[in-house]
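For reference, the structure is listed below as structure tokens.
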Amino acid sequence: MKYVIWGAGKRGKRLLNILGEDKVSAFIDNNCDIHNTKCLGKTVISYTAYKERYSEDAVILSMLEYSEAEVQLLKDCIPYFVLSRQPAECAFIYHSNIFTSLPFSYDKNLPTVFYGINLISANLIDTLKNSASIYVLLPKNASVQECSMLKKLYAQYYCNDIPNDLKEYNLFASCPLEPAMQKENCHVYNIYDFSKQIVSYRNDIIAGLKNAHKGEKCFIVATGPSLRMEDLDALYSVGCFCISMNKIFEAFKSTFWRPSLYLCVDTLCIEEFYEEIKNLDANMKFISDMYPKNNACLPTYHAAPVDIYDEKVPFSKDCSVVAFDAGTITYTCLQFAAYLGFSEIYLLGVDFSYGKAGATGNHFYKTESTANNPFRYELCLNAYTQARQYAQAHNIKIYNATRGGKLEVFERVDFDNVIRNMRGGVQRYSIISSEHRFFGYRLRTTETCRLRTMDVFHRHVERSETSIACIHYALSYKEAA
């Protein structure tokens, strides 16, 4: 089968490289300025030109916003695939190309049954059509579009049920199988989720963290404009386990607080700030394995991008093999927090009011990255809703302690009250050495002392150019050892 890729942008170009030039006839693009030009050696055409010249080829919708194009394809009864609904390996080459190197071996001479169709099964049918008997079944929950596409593309292979006379056969599943289909005489192959099949995805360090903090509390600290340095100091004061992300290192010059776990999935962010992340002060840090230039310098976790708006976003039960990326790193952090066993998860700095990519005011820091991914509100909202449902089903409480913002999926709590309760209602400051600086302040005394109130603290410091407000929460509230 040959394809025409709709979308000549970054995702479409990457898809062509994964599929191979011989599988792609052309690009469709809505930008008329690039029609009749070349993109990676393929002509860019209009949808009208596609119908005139390539109507026998299936279309792959590569763009993130595909709803209008999908409506048009359905109206014209044209078979198509949506890249966002395919396994992540169809959109990214992690360690090998899934179309040329499956993570399992199978007998190509056995009769083969395909349960549902995705891009991987379509490629397998092309591979096996001359060497084995092929049967294609529709899943019971198949959409009208899937039914129409299967019957049009694979009319010669279509059947309503697995033939009874098959003594031994392969069964490739493009979606979860019904239990009754898994018979003794069939060899089942999962081709919709490779997370547990590809050995290189597994991170044994992450596996060792499973339920390491069972029943404990943690904070997920995002980088929204509401994040205050004094709130980070308060978290430092109570010694709370914190998960953070992306450019949180911009706060380090203003606070002693550091994240316990740092995560980054955005390949643009990793590319631009690789050295900063490499040198970042955190107990643990992992970046997405979607970044191709890491060369094993930084520990990775397997990230599977999810770009679906009209279906449930999956929530990982095993972050050692996969964590799903659904438009916001905060969703990845929630999956890790649940995997580590935390029963109370508090969000801070999750404003959910992201403006235009690259605009100022989207984060607590002044300077924005030179490259930014677009904010996909509906996708993120879908992800947060699934996180809430997962938490409810697993006796996990997720609270939003952000000061302001627009995220209302989770129950709101007051950050100051949470910190006060963590301290047990008593403010205590740890021993500080006379030479230790706190945001431009230095102790006047030459002996260490225990400071229990800010008034006492003020009497023991000499003022520098930094405002007194900057150190309101600067000290640790834990009892000194």
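Labels for the structure tokens follow display order: chains A, B, ..., residues from 1 in each chain, ligands from 1.
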
Exercise. If you count only C-alpha atoms, which residues fall within 9 Å of Leu61 of chain A, apart from same-chain ones fewer than 5 positions away, as a PyMOL selection string?
Worked result: chain A and resi 4-7+12+66+69-70+80-84

For this session: Identify, on the basis of only C-alpha atoms, every residue whose closest approach to Ser353 of chain A does not exceed 9 Å; exclude the query and any residue fewer than 5 positions from it along the same chain; express the result as a VMD selection string.
Result: chain A and resid 224 362 377 405 to 407

Output for the residues just chosen: all heavy atoms as an mmCIF file, in the first residue's frame:
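Wrote out37.cif, looks like this:
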data_model
loop_
_atom_site.group_PDB
_atom_site.id
_atom_site.type_symbol
_atom_site.label_atom_id
_atom_site.label_comp_id
_atom_site.auth_asym_id
_atom_site.auth_seq_id
_atom_site.Cartn_x
_atom_site.Cartn_y
_atom_site.Cartn_z
ATOM 1 N N GLY A 224 4.491 27.773 36.205
ATOM 2 C CA GLY A 224 3.547 28.823 35.846
ATOM 3 C C GLY A 224 3.888 30.160 36.478
ATOM 4 O O GLY A 224 4.677 30.245 37.424
ATOM 5 N N ASN A 362 3.991 33.421 30.474
ATOM 6 C CA ASN A 362 3.534 32.037 30.569
ATOM 7 C C ASN A 362 4.192 31.290 31.716
ATOM 8 O O ASN A 362 3.719 30.228 32.109
ATOM 9 C CB ASN A 362 3.822 31.290 29.260
ATOM 10 C CG ASN A 362 2.937 31.743 28.118
ATOM 11 O OD1 ASN A 362 1.808 32.181 28.352
ATOM 12 N ND2 ASN A 362 3.440 31.666 26.902
ATOM 13 N N TYR A 377 -5.072 22.976 24.779
ATOM 14 C CA TYR A 377 -5.955 23.039 25.941
ATOM 15 C C TYR A 377 -6.801 21.779 26.086
ATOM 16 O O TYR A 377 -6.857 21.173 27.165
ATOM 17 C CB TYR A 377 -6.852 24.276 25.823
ATOM 18 C CG TYR A 377 -7.903 24.375 26.903
ATOM 19 C CD1 TYR A 377 -7.604 24.939 28.143
ATOM 20 C CD2 TYR A 377 -9.197 23.902 26.693
ATOM 21 C CE1 TYR A 377 -8.563 25.026 29.137
ATOM 22 C CE2 TYR A 377 -10.161 23.976 27.682
ATOM 23 C CZ TYR A 377 -9.840 24.541 28.900
ATOM 24 O OH TYR A 377 -10.800 24.612 29.878
ATOM 25 N N GLY A 405 -4.795 30.756 38.855
ATOM 26 C CA GLY A 405 -4.797 29.867 37.707
ATOM 27 C C GLY A 405 -6.200 29.450 37.306
ATOM 28 O O GLY A 405 -7.194 29.834 37.930
ATOM 29 N N LYS A 406 -6.288 28.624 36.268
ATOM 30 C CA LYS A 406 -7.578 28.248 35.697
ATOM 31 C C LYS A 406 -7.841 26.743 35.705
ATOM 32 O O LYS A 406 -8.784 26.282 35.068
ATOM 33 C CB LYS A 406 -7.676 28.774 34.267
ATOM 34 C CG LYS A 406 -7.615 30.305 34.177
ATOM 35 C CD LYS A 406 -7.744 30.793 32.741
ATOM 36 C CE LYS A 406 -7.692 32.308 32.678
ATOM 37 N NZ LYS A 406 -7.802 32.807 31.278
ATOM 38 N N LEU A 407 -7.020 25.977 36.401
ATOM 39 C CA LEU A 407 -7.224 24.531 36.449
ATOM 40 C C LEU A 407 -8.207 24.188 37.561
ATOM 41 O O LEU A 407 -7.907 24.361 38.737
ATOM 42 C CB LEU A 407 -5.897 23.810 36.681
ATOM 43 C CG LEU A 407 -5.963 22.283 36.753
ATOM 44 C CD1 LEU A 407 -6.506 21.700 35.453
ATOM 45 C CD2 LEU A 407 -4.597 21.701 37.068
#

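Atom CA of Ile287 of chain A lies 14.8 Å from atom CA of Asp204 of chain A.
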
Please provide as an mmCIF file with N, CA and C atoms, in the first residue's frame all residues within 7 Å of segment 104-111 of chain A, with the sequence filter that same-chain residues fewer than 3 positions apart are discarded (counting only C-alpha atoms).
data_model
loop_
_atom_site.group_PDB
_atom_site.id
_atom_site.type_symbol
_atom_site.label_atom_id
_atom_site.label_comp_id
_atom_site.auth_asym_id
_atom_site.auth_seq_id
_atom_site.Cartn_x
_atom_site.Cartn_y
_atom_site.Cartn_z
ATOM 1 N N LEU A 128 3.257 -9.908 3.996
ATOM 2 C CA LEU A 128 2.839 -11.313 4.040
ATOM 3 C C LEU A 128 1.897 -11.732 2.919
ATOM 4 N N SER A 131 2.915 -14.732 0.859
ATOM 5 C CA SER A 131 3.472 -15.938 1.475
ATOM 6 C C SER A 131 2.527 -16.632 2.448
ATOM 7 N N ALA A 132 1.416 -15.997 2.800
ATOM 8 C CA ALA A 132 0.532 -16.607 3.799
ATOM 9 C C ALA A 132 -0.926 -16.253 3.511
ATOM 10 N N SER A 133 -1.816 -17.079 4.059
ATOM 11 C CA SER A 133 -3.243 -16.774 3.978
ATOM 12 C C SER A 133 -3.548 -15.675 4.993
ATOM 13 N N ILE A 134 -4.286 -14.666 4.577
ATOM 14 C CA ILE A 134 -4.542 -13.502 5.427
ATOM 15 C C ILE A 134 -6.035 -13.338 5.660
ATOM 16 N N TYR A 169 -2.185 -20.576 13.750
ATOM 17 C CA TYR A 169 -2.140 -19.309 13.012
ATOM 18 C C TYR A 169 -1.566 -18.193 13.882
ATOM 19 N N ASN A 170 -1.114 -17.125 13.216
ATOM 20 C CA ASN A 170 -0.696 -15.905 13.887
ATOM 21 C C ASN A 170 -1.905 -15.002 14.079
#

For this session: Could you jot down the atom CA of Thr37 of chain A to atom CA of Pro374 of chain A separation for me, Å, one decimal place?
Result: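 Computed distance, atom CA of Thr37 of chain A to atom CA of Pro374 of chain A, equals 26.3 Å.
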
Excluding Ile117 of chain A and residues on its chain fewer than 5 positions from it, collect all residues at most 12 Å away from it, counting only C-alpha atoms, and give them as an mmCIF file with all heavy atoms, in the first residue's frame.
data_model
loop_
_atom_site.group_PDB
_atom_site.id
_atom_site.type_symbol
_atom_site.label_atom_id
_atom_site.label_comp_id
_atom_site.auth_asym_id
_atom_site.auth_seq_id
_atom_site.Cartn_x
_atom_site.Cartn_y
_atom_site.Cartn_z
ATOM 1 N N PRO A 79 -10.217 6.148 2.449
ATOM 2 C CA PRO A 79 -9.580 5.458 3.578
ATOM 3 C C PRO A 79 -8.404 6.277 4.125
ATOM 4 O O PRO A 79 -7.622 6.843 3.348
ATOM 5 C CB PRO A 79 -9.107 4.138 2.985
ATOM 6 C CG PRO A 79 -9.094 4.337 1.520
ATOM 7 C CD PRO A 79 -10.076 5.398 1.194
ATOM 8 N N TYR A 80 -8.287 6.318 5.441
ATOM 9 C CA TYR A 80 -7.232 7.141 6.043
ATOM 10 C C TYR A 80 -6.839 6.600 7.412
ATOM 11 O O TYR A 80 -7.555 5.814 8.036
ATOM 12 C CB TYR A 80 -7.703 8.595 6.178
ATOM 13 C CG TYR A 80 -8.810 8.800 7.194
ATOM 14 C CD1 TYR A 80 -8.516 9.141 8.513
ATOM 15 C CD2 TYR A 80 -10.146 8.625 6.839
ATOM 16 C CE1 TYR A 80 -9.525 9.314 9.450
ATOM 17 C CE2 TYR A 80 -11.154 8.801 7.757
ATOM 18 C CZ TYR A 80 -10.850 9.148 9.065
ATOM 19 O OH TYR A 80 -11.844 9.301 9.992
ATOM 20 N N PHE A 81 -5.683 7.036 7.869
ATOM 21 C CA PHE A 81 -5.188 6.767 9.216
ATOM 22 C C PHE A 81 -4.882 8.105 9.886
ATOM 23 O O PHE A 81 -4.462 9.058 9.211
ATOM 24 C CB PHE A 81 -3.893 5.940 9.183
ATOM 25 C CG PHE A 81 -4.036 4.577 8.566
ATOM 26 C CD1 PHE A 81 -3.870 4.390 7.197
ATOM 27 C CD2 PHE A 81 -4.316 3.469 9.358
ATOM 28 C CE1 PHE A 81 -3.987 3.137 6.623
ATOM 29 C CE2 PHE A 81 -4.433 2.201 8.797
ATOM 30 C CZ PHE A 81 -4.271 2.037 7.422
ATOM 31 N N VAL A 82 -5.092 8.171 11.181
ATOM 32 C CA VAL A 82 -4.718 9.357 11.953
ATOM 33 C C VAL A 82 -3.442 9.019 12.712
ATOM 34 O O VAL A 82 -3.430 8.093 13.524
ATOM 35 C CB VAL A 82 -5.831 9.779 12.932
ATOM 36 C CG1 VAL A 82 -5.383 10.978 13.773
ATOM 37 C CG2 VAL A 82 -7.112 10.120 12.169
ATOM 38 N N ARG A 85 -3.427 8.477 16.460
ATOM 39 C CA ARG A 85 -4.090 7.287 17.008
ATOM 40 C C ARG A 85 -3.255 6.026 16.814
ATOM 41 O O ARG A 85 -3.693 4.926 17.181
ATOM 42 C CB ARG A 85 -5.457 7.104 16.344
ATOM 43 C CG ARG A 85 -6.441 8.236 16.645
ATOM 44 C CD ARG A 85 -7.727 8.064 15.857
ATOM 45 N NE ARG A 85 -8.619 9.211 16.022
ATOM 46 C CZ ARG A 85 -9.595 9.540 15.193
ATOM 47 N NH1 ARG A 85 -9.794 8.792 14.097
ATOM 48 N NH2 ARG A 85 -10.344 10.592 15.414
ATOM 49 N N GLN A 86 -2.077 6.171 16.237
ATOM 50 C CA GLN A 86 -1.212 5.024 15.990
ATOM 51 C C GLN A 86 -0.264 4.824 17.170
ATOM 52 O O GLN A 86 -0.085 5.714 18.000
ATOM 53 C CB GLN A 86 -0.401 5.251 14.709
ATOM 54 C CG GLN A 86 -1.235 5.566 13.485
ATOM 55 C CD GLN A 86 -2.280 4.502 13.197
ATOM 56 O OE1 GLN A 86 -1.970 3.318 13.120
ATOM 57 N NE2 GLN A 86 -3.538 4.926 13.053
ATOM 58 N N PRO A 87 0.359 3.649 17.258
ATOM 59 C CA PRO A 87 1.401 3.470 18.286
ATOM 60 C C PRO A 87 2.464 4.551 18.166
ATOM 61 O O PRO A 87 2.755 5.040 17.068
ATOM 62 C CB PRO A 87 1.964 2.077 17.967
ATOM 63 C CG PRO A 87 0.857 1.366 17.259
ATOM 64 C CD PRO A 87 0.146 2.432 16.464
ATOM 65 N N ALA A 122 -1.001 -2.769 8.540
ATOM 66 C CA ALA A 122 -1.066 -2.527 7.100
ATOM 67 C C ALA A 122 0.273 -2.867 6.446
ATOM 68 O O ALA A 122 0.320 -3.463 5.350
ATOM 69 C CB ALA A 122 -1.435 -1.076 6.831
ATOM 70 N N ASN A 123 1.358 -2.514 7.113
ATOM 71 C CA ASN A 123 2.689 -2.838 6.592
ATOM 72 C C ASN A 123 2.926 -4.349 6.597
ATOM 73 O O ASN A 123 3.529 -4.898 5.669
ATOM 74 C CB ASN A 123 3.737 -2.124 7.440
ATOM 75 C CG ASN A 123 5.144 -2.286 6.901
ATOM 76 O OD1 ASN A 123 5.465 -1.783 5.830
ATOM 77 N ND2 ASN A 123 5.979 -3.015 7.629
ATOM 78 N N LEU A 124 2.447 -5.021 7.641
ATOM 79 C CA LEU A 124 2.600 -6.480 7.721
ATOM 80 C C LEU A 124 1.813 -7.190 6.626
ATOM 81 O O LEU A 124 2.275 -8.192 6.069
ATOM 82 C CB LEU A 124 2.156 -6.973 9.100
ATOM 83 C CG LEU A 124 3.145 -6.751 10.242
ATOM 84 C CD1 LEU A 124 2.478 -6.997 11.587
ATOM 85 C CD2 LEU A 124 4.354 -7.666 10.081
ATOM 86 N N ILE A 125 0.633 -6.688 6.318
ATOM 87 C CA ILE A 125 -0.167 -7.292 5.253
ATOM 88 C C ILE A 125 0.584 -7.197 3.925
ATOM 89 O O ILE A 125 0.621 -8.163 3.144
ATOM 90 C CB ILE A 125 -1.549 -6.618 5.162
ATOM 91 C CG1 ILE A 125 -2.397 -7.002 6.380
ATOM 92 C CG2 ILE A 125 -2.276 -7.026 3.875
ATOM 93 C CD1 ILE A 125 -3.718 -6.280 6.477
ATOM 94 N N TYR A 135 -6.379 -13.028 6.904
ATOM 95 C CA TYR A 135 -7.765 -12.768 7.283
ATOM 96 C C TYR A 135 -7.793 -11.485 8.124
ATOM 97 O O TYR A 135 -6.958 -11.306 9.015
ATOM 98 C CB TYR A 135 -8.344 -13.925 8.100
ATOM 99 C CG TYR A 135 -8.195 -15.273 7.434
ATOM 100 C CD1 TYR A 135 -7.043 -16.041 7.637
ATOM 101 C CD2 TYR A 135 -9.175 -15.769 6.596
ATOM 102 C CE1 TYR A 135 -6.884 -17.278 7.024
ATOM 103 C CE2 TYR A 135 -9.032 -17.004 5.967
ATOM 104 C CZ TYR A 135 -7.876 -17.748 6.193
ATOM 105 O OH TYR A 135 -7.732 -18.970 5.577
ATOM 106 N N VAL A 136 -8.737 -10.610 7.823
ATOM 107 C CA VAL A 136 -8.855 -9.348 8.551
ATOM 108 C C VAL A 136 -10.219 -9.274 9.223
ATOM 109 O O VAL A 136 -11.258 -9.409 8.563
ATOM 110 C CB VAL A 136 -8.664 -8.131 7.616
ATOM 111 C CG1 VAL A 136 -8.859 -6.829 8.392
ATOM 112 C CG2 VAL A 136 -7.280 -8.163 6.977
ATOM 113 N N LEU A 137 -10.199 -9.087 10.536
ATOM 114 C CA LEU A 137 -11.429 -9.004 11.320
ATOM 115 C C LEU A 137 -11.623 -7.595 11.870
ATOM 116 O O LEU A 137 -10.643 -6.904 12.202
ATOM 117 C CB LEU A 137 -11.385 -9.969 12.514
ATOM 118 C CG LEU A 137 -11.806 -11.416 12.300
ATOM 119 C CD1 LEU A 137 -10.787 -12.142 11.435
ATOM 120 C CD2 LEU A 137 -11.946 -12.123 13.648
ATOM 121 N N LEU A 138 -12.860 -7.210 11.991
ATOM 122 C CA LEU A 138 -13.189 -5.934 12.609
ATOM 123 C C LEU A 138 -13.361 -6.101 14.111
ATOM 124 O O LEU A 138 -14.047 -7.030 14.560
ATOM 125 C CB LEU A 138 -14.498 -5.376 12.036
ATOM 126 C CG LEU A 138 -14.401 -4.517 10.786
ATOM 127 C CD1 LEU A 138 -15.805 -4.250 10.265
ATOM 128 C CD2 LEU A 138 -13.701 -3.205 11.080
ATOM 129 N N PRO A 139 -12.792 -5.242 14.925
ATOM 130 C CA PRO A 139 -13.100 -5.263 16.356
ATOM 131 C C PRO A 139 -14.579 -4.945 16.571
ATOM 132 O O PRO A 139 -15.201 -4.235 15.763
ATOM 133 C CB PRO A 139 -12.217 -4.143 16.923
ATOM 134 C CG PRO A 139 -11.150 -3.932 15.904
ATOM 135 C CD PRO A 139 -11.779 -4.235 14.582
ATOM 136 N N ALA A 142 -15.501 -1.280 16.553
ATOM 137 C CA ALA A 142 -14.968 -0.529 15.415
ATOM 138 C C ALA A 142 -15.917 0.588 15.009
ATOM 139 O O ALA A 142 -17.142 0.437 15.049
ATOM 140 C CB ALA A 142 -14.726 -1.470 14.242
ATOM 141 N N SER A 143 -15.339 1.709 14.613
ATOM 142 C CA SER A 143 -16.138 2.845 14.166
ATOM 143 C C SER A 143 -16.630 2.612 12.745
ATOM 144 O O SER A 143 -16.163 1.706 12.039
ATOM 145 C CB SER A 143 -15.302 4.124 14.216
ATOM 146 O OG SER A 143 -14.240 4.045 13.275
ATOM 147 N N GLN A 145 -16.023 4.502 10.303
ATOM 148 C CA GLN A 145 -14.884 4.777 9.427
ATOM 149 C C GLN A 145 -13.994 3.550 9.278
ATOM 150 O O GLN A 145 -13.550 3.210 8.186
ATOM 151 C CB GLN A 145 -14.082 5.956 9.981
ATOM 152 C CG GLN A 145 -12.835 6.293 9.174
ATOM 153 C CD GLN A 145 -11.563 5.645 9.743
ATOM 154 O OE1 GLN A 145 -11.480 5.382 10.934
ATOM 155 N NE2 GLN A 145 -10.600 5.377 8.879
ATOM 156 N N GLU A 146 -13.733 2.860 10.390
ATOM 157 C CA GLU A 146 -12.894 1.661 10.342
ATOM 158 C C GLU A 146 -13.538 0.578 9.486
ATOM 159 O O GLU A 146 -12.861 -0.099 8.694
ATOM 160 C CB GLU A 146 -12.645 1.140 11.756
ATOM 161 C CG GLU A 146 -11.687 1.978 12.575
ATOM 162 C CD GLU A 146 -11.522 1.440 13.981
ATOM 163 O OE1 GLU A 146 -12.515 1.448 14.740
ATOM 164 O OE2 GLU A 146 -10.411 0.999 14.312
ATOM 165 N N CYS A 147 -14.834 0.396 9.653
ATOM 166 C CA CYS A 147 -15.560 -0.612 8.844
ATOM 167 C C CYS A 147 -15.438 -0.301 7.363
ATOM 168 O O CYS A 147 -15.132 -1.176 6.543
ATOM 169 C CB CYS A 147 -17.040 -0.644 9.243
ATOM 170 S SG CYS A 147 -17.351 -1.132 10.948
ATOM 171 N N SER A 148 -15.676 0.964 7.024
ATOM 172 C CA SER A 148 -15.620 1.371 5.625
ATOM 173 C C SER A 148 -14.220 1.205 5.064
ATOM 174 O O SER A 148 -14.031 0.713 3.945
ATOM 175 C CB SER A 148 -16.080 2.826 5.505
ATOM 176 O OG SER A 148 -15.912 3.293 4.186
ATOM 177 N N MET A 149 -13.195 1.607 5.848
ATOM 178 C CA MET A 149 -11.823 1.532 5.375
ATOM 179 C C MET A 149 -11.388 0.089 5.163
ATOM 180 O O MET A 149 -10.775 -0.254 4.147
ATOM 181 C CB MET A 149 -10.892 2.221 6.370
ATOM 182 C CG MET A 149 -9.433 2.235 5.912
ATOM 183 S SD MET A 149 -8.331 3.080 7.056
ATOM 184 C CE MET A 149 -8.265 1.867 8.382
ATOM 185 N N LEU A 150 -11.707 -0.773 6.151
ATOM 186 C CA LEU A 150 -11.298 -2.176 6.038
ATOM 187 C C LEU A 150 -11.908 -2.833 4.806
ATOM 188 O O LEU A 150 -11.229 -3.555 4.066
ATOM 189 C CB LEU A 150 -11.714 -2.937 7.296
ATOM 190 C CG LEU A 150 -10.771 -2.833 8.496
ATOM 191 C CD1 LEU A 150 -11.356 -3.559 9.689
ATOM 192 C CD2 LEU A 150 -9.414 -3.418 8.159
ATOM 193 N N LYS A 151 -13.167 -2.593 4.601
ATOM 194 C CA LYS A 151 -13.855 -3.238 3.480
ATOM 195 C C LYS A 151 -13.374 -2.713 2.130
ATOM 196 O O LYS A 151 -13.375 -3.430 1.128
ATOM 197 C CB LYS A 151 -15.355 -3.059 3.625
ATOM 198 C CG LYS A 151 -15.934 -3.839 4.812
ATOM 199 C CD LYS A 151 -17.417 -3.584 5.006
ATOM 200 C CE LYS A 151 -17.955 -4.353 6.202
ATOM 201 N NZ LYS A 151 -19.391 -4.087 6.457
ATOM 202 N N LEU A 153 -10.170 -1.263 1.607
ATOM 203 C CA LEU A 153 -8.755 -1.574 1.407
ATOM 204 C C LEU A 153 -8.477 -3.071 1.343
ATOM 205 O O LEU A 153 -7.593 -3.516 0.623
ATOM 206 C CB LEU A 153 -7.919 -0.952 2.535
ATOM 207 C CG LEU A 153 -7.781 0.564 2.560
ATOM 208 C CD1 LEU A 153 -6.983 0.994 3.779
ATOM 209 C CD2 LEU A 153 -7.128 1.073 1.284
ATOM 210 N N TYR A 154 -9.241 -3.820 2.133
ATOM 211 C CA TYR A 154 -8.922 -5.244 2.297
ATOM 212 C C TYR A 154 -10.142 -6.132 2.056
ATOM 213 O O TYR A 154 -10.386 -7.082 2.785
ATOM 214 C CB TYR A 154 -8.370 -5.486 3.702
ATOM 215 C CG TYR A 154 -7.145 -4.662 4.004
ATOM 216 C CD1 TYR A 154 -7.183 -3.645 4.944
ATOM 217 C CD2 TYR A 154 -5.947 -4.882 3.314
ATOM 218 C CE1 TYR A 154 -6.066 -2.874 5.209
ATOM 219 C CE2 TYR A 154 -4.821 -4.114 3.579
ATOM 220 C CZ TYR A 154 -4.882 -3.108 4.527
ATOM 221 O OH TYR A 154 -3.785 -2.345 4.785
ATOM 222 N N TYR A 157 -9.596 -9.837 1.977
ATOM 223 C CA TYR A 157 -9.173 -10.506 3.215
ATOM 224 C C TYR A 157 -10.234 -10.450 4.314
ATOM 225 O O TYR A 157 -10.094 -11.114 5.340
ATOM 226 C CB TYR A 157 -7.901 -9.844 3.765
ATOM 227 C CG TYR A 157 -6.761 -9.777 2.790
ATOM 228 C CD1 TYR A 157 -6.090 -8.571 2.557
ATOM 229 C CD2 TYR A 157 -6.323 -10.905 2.097
ATOM 230 C CE1 TYR A 157 -5.037 -8.494 1.667
ATOM 231 C CE2 TYR A 157 -5.274 -10.837 1.208
ATOM 232 C CZ TYR A 157 -4.636 -9.628 0.989
ATOM 233 O OH TYR A 157 -3.586 -9.564 0.099
ATOM 234 N N TYR A 158 -11.256 -9.664 4.087
ATOM 235 C CA TYR A 158 -12.226 -9.400 5.153
ATOM 236 C C TYR A 158 -13.059 -10.643 5.480
ATOM 237 O O TYR A 158 -13.514 -11.363 4.594
ATOM 238 C CB TYR A 158 -13.151 -8.250 4.743
ATOM 239 C CG TYR A 158 -14.200 -7.928 5.767
ATOM 240 C CD1 TYR A 158 -13.869 -7.228 6.920
ATOM 241 C CD2 TYR A 158 -15.511 -8.341 5.593
ATOM 242 C CE1 TYR A 158 -14.823 -6.939 7.874
ATOM 243 C CE2 TYR A 158 -16.476 -8.046 6.534
ATOM 244 C CZ TYR A 158 -16.127 -7.351 7.676
ATOM 245 O OH TYR A 158 -17.085 -7.069 8.619
ATOM 246 N N PHE A 172 -2.412 -11.017 14.922
ATOM 247 C CA PHE A 172 -1.871 -9.690 15.200
ATOM 248 C C PHE A 172 -3.002 -8.776 15.662
ATOM 249 O O PHE A 172 -3.963 -8.553 14.917
ATOM 250 C CB PHE A 172 -1.201 -9.104 13.949
ATOM 251 C CG PHE A 172 0.087 -9.784 13.584
ATOM 252 C CD1 PHE A 172 0.118 -10.774 12.610
ATOM 253 C CD2 PHE A 172 1.275 -9.430 14.220
ATOM 254 C CE1 PHE A 172 1.309 -11.402 12.271
ATOM 255 C CE2 PHE A 172 2.473 -10.057 13.884
ATOM 256 C CZ PHE A 172 2.488 -11.047 12.914
ATOM 257 N N ALA A 173 -2.863 -8.250 16.870
ATOM 258 C CA ALA A 173 -3.921 -7.430 17.465
ATOM 259 C C ALA A 173 -3.550 -5.959 17.422
ATOM 260 O O ALA A 173 -2.530 -5.544 17.976
ATOM 261 C CB ALA A 173 -4.168 -7.869 18.906
ATOM 262 N N SER A 174 -4.385 -5.157 16.761
ATOM 263 C CA SER A 174 -4.188 -3.705 16.716
ATOM 264 C C SER A 174 -4.923 -2.989 17.838
ATOM 265 O O SER A 174 -4.881 -1.763 17.922
ATOM 266 C CB SER A 174 -4.664 -3.147 15.365
ATOM 267 O OG SER A 174 -3.945 -3.729 14.308
ATOM 268 N N CYS A 175 -5.594 -3.766 18.678
ATOM 269 C CA CYS A 175 -6.304 -3.246 19.846
ATOM 270 C C CYS A 175 -6.474 -4.418 20.811
ATOM 271 O O CYS A 175 -6.239 -5.569 20.439
ATOM 272 C CB CYS A 175 -7.649 -2.645 19.440
ATOM 273 S SG CYS A 175 -8.741 -3.794 18.577
ATOM 274 N N ILE A 191 0.411 -5.461 18.609
ATOM 275 C CA ILE A 191 1.040 -4.441 17.756
ATOM 276 C C ILE A 191 0.392 -3.070 17.978
ATOM 277 O O ILE A 191 0.377 -2.229 17.079
ATOM 278 C CB ILE A 191 1.007 -4.833 16.267
ATOM 279 C CG1 ILE A 191 -0.410 -5.148 15.805
ATOM 280 C CG2 ILE A 191 1.930 -6.011 16.002
ATOM 281 C CD1 ILE A 191 -0.520 -5.330 14.282
ATOM 282 N N TYR A 192 -0.135 -2.852 19.175
ATOM 283 C CA TYR A 192 -0.667 -1.528 19.518
ATOM 284 C C TYR A 192 0.047 -0.923 20.718
ATOM 285 O O TYR A 192 -0.010 0.286 20.940
ATOM 286 C CB TYR A 192 -2.179 -1.589 19.776
ATOM 287 C CG TYR A 192 -2.596 -2.446 20.951
ATOM 288 C CD1 TYR A 192 -2.675 -1.912 22.237
ATOM 289 C CD2 TYR A 192 -2.910 -3.784 20.772
ATOM 290 C CE1 TYR A 192 -3.048 -2.707 23.313
ATOM 291 C CE2 TYR A 192 -3.291 -4.580 21.834
ATOM 292 C CZ TYR A 192 -3.353 -4.036 23.103
ATOM 293 O OH TYR A 192 -3.731 -4.829 24.174
#

For this session: as an MDAnalysis selection string, please: all residues of segment 25-96 of chain A that backbone DSSP puts in strand (DSSP E).
Result: chainID A and resid 25:28 38:39 42:45 58:61 80:82

Exercise. So which bits of segment 264-409 of chain A end up alpha helix (DSSP H) when you DSSP the backbone, as a PyMOL selection string?
Worked result: chain A and resi 267-272+274-278+329-339+377-393

For this session: With a distance cut-off of 10 Å and only C-alpha atoms, select the neighbouring residues of Pro305 of chain A, excluding the residue or stretch itself and same-chain residues fewer than 3 positions from it, and output the selection as a PyMOL selection string.
Result: chain A and resi 84+87-89+91-92+265+290+302+308+323-327

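Compared by their closest atoms to His213 of chain A, and using only C-alpha atoms, the residues A:Ser343, A:Gln197, A:Gln156, A:Asn295 rank with A:Ser343 nearest.
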
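The spacing separating atom CA of Glu408 of chain A from atom CA of Cys218 of chain A amounts to 19.4 Å.
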